[in-house]
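Student: Below you'll find data_8.cif; it's mmCIF, C-alpha atoms.
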data_input
#
loop_
_atom_site.group_PDB
_atom_site.id
_atom_site.type_symbol
_atom_site.label_atom_id
_atom_site.label_comp_id
_atom_site.auth_asym_id
_atom_site.auth_seq_id
_atom_site.Cartn_x
_atom_site.Cartn_y
_atom_site.Cartn_z
ATOM 1 C CA MET A 274 6.711 5.399 -8.169
ATOM 2 C CA PHE A 275 7.095 3.153 -5.136
ATOM 3 C CA GLU A 276 6.311 -0.571 -4.915
ATOM 4 C CA LEU A 277 3.855 -1.664 -2.228
ATOM 5 C CA ILE A 278 5.191 -4.550 -0.132
ATOM 6 C CA GLY A 279 2.563 -4.945 2.567
ATOM 7 C CA ILE A 280 -0.129 -3.485 4.775
ATOM 8 C CA ILE A 281 -0.431 -4.510 8.425
ATOM 9 C CA GLU A 282 -3.614 -3.714 10.327
ATOM 10 C CA ARG A 283 -3.619 -2.892 14.062
ATOM 11 C CA GLY A 284 -7.121 -1.851 15.082
ATOM 12 C CA SER A 285 -7.879 1.296 13.071
ATOM 13 C CA TRP A 286 -4.193 1.896 12.310
ATOM 14 C CA TYR A 287 -2.426 0.636 9.189
ATOM 15 C CA GLN A 288 1.300 0.261 8.648
ATOM 16 C CA VAL A 289 2.289 0.518 4.989
ATOM 17 C CA SER A 290 5.586 -0.987 3.807
ATOM 18 C CA PHE A 291 6.971 0.011 0.429
ATOM 19 C CA LEU A 292 10.202 0.028 -1.550
ATOM 20 C CA GLN A 293 11.783 3.299 -2.604
ATOM 21 C CA SER A 294 12.338 3.870 -6.325
ATOM 22 C CA ASP A 295 15.932 2.557 -6.015
ATOM 23 C CA GLY A 296 14.479 -0.881 -5.196
ATOM 24 C CA LYS A 297 16.739 -1.338 -2.167
ATOM 25 C CA THR A 298 15.351 0.873 0.595
ATOM 26 C CA LEU A 299 12.332 -0.368 2.558
ATOM 27 C CA GLU A 300 10.209 2.299 4.241
ATOM 28 C CA THR A 301 7.198 2.085 6.520
ATOM 29 C CA HIS A 302 4.545 4.641 7.364
ATOM 30 C CA LYS A 303 1.574 4.527 9.755
ATOM 31 C CA VAL A 304 -1.845 5.978 8.946
ATOM 32 C CA ASN A 305 -5.080 6.045 10.911
ATOM 33 C CA GLY A 306 -8.118 4.669 9.075
ATOM 34 C CA TRP A 307 -8.713 3.256 5.622
ATOM 35 C CA LYS A 308 -9.559 6.651 4.087
ATOM 36 C CA GLN A 309 -6.166 8.011 5.138
ATOM 37 C CA LEU A 310 -4.565 4.812 3.825
ATOM 38 C CA ASN A 311 -6.185 5.314 0.426
ATOM 39 C CA ARG A 312 -5.092 8.979 0.306
ATOM 40 C CA PHE A 313 -1.543 8.091 1.373
ATOM 41 C CA LEU A 314 -1.136 5.461 -1.357
ATOM 42 C CA LYS A 315 -2.487 7.733 -4.086
ATOM 43 C CA TYR A 316 -0.666 10.900 -2.966
ATOM 44 C CA ASN A 317 2.711 9.142 -2.735
ATOM 45 C CA ASN A 318 2.289 7.074 -5.950
ATOM 46 C CA ILE A 319 2.592 3.735 -4.173
ATOM 47 C CA PHE A 320 1.468 0.875 -6.406
ATOM 48 C CA HIS A 321 1.243 -2.893 -6.227
ATOM 49 C CA ILE A 322 2.761 -4.609 -9.252
ATOM 50 C CA ALA A 323 0.590 -7.479 -10.475
ATOM 51 C CA GLY A 324 2.245 -10.838 -9.824
ATOM 52 C CA ALA A 325 4.570 -9.539 -7.100
ATOM 53 C CA PRO A 326 4.175 -10.872 -3.539
ATOM 54 C CA LEU A 327 2.065 -8.727 -1.225
ATOM 55 C CA ILE A 328 1.213 -8.997 2.493
ATOM 56 C CA LEU A 329 -2.342 -7.966 3.399
ATOM 57 C CA PRO A 330 -4.715 -8.455 6.351
ATOM 58 C CA ALA A 331 -6.880 -11.556 5.900
ATOM 59 C CA ASN A 332 -10.512 -11.129 4.815
ATOM 60 C CA ASN A 333 -10.489 -7.322 4.698
ATOM 61 C CA TYR A 334 -12.684 -6.307 1.769
ATOM 62 C CA VAL A 335 -11.897 -2.576 2.017
ATOM 63 C CA ILE A 336 -8.132 -3.098 1.899
ATOM 64 C CA ASN A 337 -8.470 -5.506 -1.024
ATOM 65 C CA GLU A 338 -10.475 -2.877 -2.941
ATOM 66 C CA ILE A 339 -7.937 -0.131 -2.201
ATOM 67 C CA VAL A 340 -5.048 -2.327 -3.347
ATOM 68 C CA SER A 341 -6.867 -3.441 -6.494
ATOM 69 C CA GLU A 342 -7.243 0.249 -7.459
ATOM 70 C CA GLN A 343 -3.500 0.729 -6.936
ATOM 71 C CA THR A 344 -2.426 -2.347 -8.959
ATOM 72 C CA ILE A 345 -0.532 -1.935 -12.211
ATOM 73 C CA GLU A 346 0.759 -4.460 -14.740
ATOM 74 C CA ARG A 347 4.395 -5.518 -14.700
ATOM 75 C CA GLU A 348 6.574 -3.760 -17.288
ATOM 76 C CA ASP A 349 8.829 -6.156 -19.199
#
Let me see the file written as structure tokens.
Tutor:
Amino acid sequence: MFELIGIIERGSWYQVSFLQSDGKTLETHKVNGWKQLNRFLKYNNIFHIAGAPLILPANNYVINEIVSEQTIERED
């Protein structure tokens, strides 16, 4: 499982930033379109942990819905 750090929108392209499972390595990946973004997050098991900081495009309903589907609760 990888932790989602942020999504940056550039036109129809999205840059996804996430931490590797070691918690130290930051990776980025570019996808074209929100459908590809959704597939990429699900296929690679990239999740947002509830309560952790997250960078998202402002006022983008589709991205907010995709991220809410990929949100899990923090394990204590």
Student: For Thr298 in chain A, work out the shell of residues within 12 Å, counting all atoms listed in the file and skipping chain neighbours fewer than 6 positions away, then give it as a compact mmCIF listing (two decimals) with C-alpha atoms, in the coordinates of the input.
Tutor:
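What follows is the written file selection21.txt:
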# COMPACT_ATOMS: atom_id res chain seq x y z
CA PHE A 275 7.10 3.15 -5.14
CA GLU A 276 6.31 -0.57 -4.92
CA ILE A 278 5.19 -4.55 -0.13
CA SER A 290 5.59 -0.99 3.81
CA PHE A 291 6.97 0.01 0.43
CA LEU A 292 10.20 0.03 -1.55
Student: I want to know what sits within 12 Å of Leu329 in chain A, based on all atoms listed in the file, with residues of the same chain fewer than 3 positions away left out; could you give that as a PyMOL selection string?
Tutor: chain A and resi 277-283+287-290+321+326+332-341
Student: With the file shown as input, list the residues that the PyMOL selection byres ((chain A and resi 344) around 6) selects, as an NGL selection string.
Tutor: :A and (320-322 or 341-343 or 345)
Student: Find the smallest box with edges along x, y and z containing every listed atom of range 285-300 of chain A, then add 5 Å on each side and report centre and edge lengths in Å to one decimal, as JSON.
Tutor:
{"center_x": 4.4, "center_y": 1.3, "center_z": 3.4, "size_x": 34.6, "size_y": 15.2, "size_z": 29.4}
Student: Taking only C-alpha atoms into account, which of A:Ala323, A:Asn318, A:Glu346, A:Met274 comes nearest Gly296 in chain A?
Tutor: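 Comparing A:Ala323, A:Asn318, A:Glu346, A:Met274 against Gly296 in chain A, the winner is A:Met274.
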Student: With all atoms listed in the file as the atoms that count, which of A:Asn311, A:Trp286, A:Glu300, A:Glu348 lies nearest to Pro330 in chain A?
Tutor: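 Closest to Pro330 in chain A of all the choices is A:Trp286.
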Student: Work out how far CA of Ile328 in chain A is from CA of Lys308 in chain A, in Å to one decimal.
Tutor: 19.1 Å
Student: Between CA of Asn317 in chain A and CA of Gly284 in chain A, what is the spacing in Å?
Tutor: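 Result for CA of Gly284 in chain A versus CA of Asn317 in chain A: 23.1 Å, one decimal.
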Student: Could you work out how far CA of Ala325 in chain A lies from CA of Leu299 in chain A, giving the answer in Å with one decimal?
Tutor: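 Separating CA of Leu299 in chain A from CA of Ala325 in chain A is a distance of 15.4 Å.
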Student: Leaving out Ser285 in chain A and any residue of its chain fewer than 5 positions from it, which residues lie within 9 Å of it when counting all atoms listed in the file, given as a list in words?
Tutor: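 The contact residues come out as Val304, Asn305, Gly306 and Trp307 of chain A.
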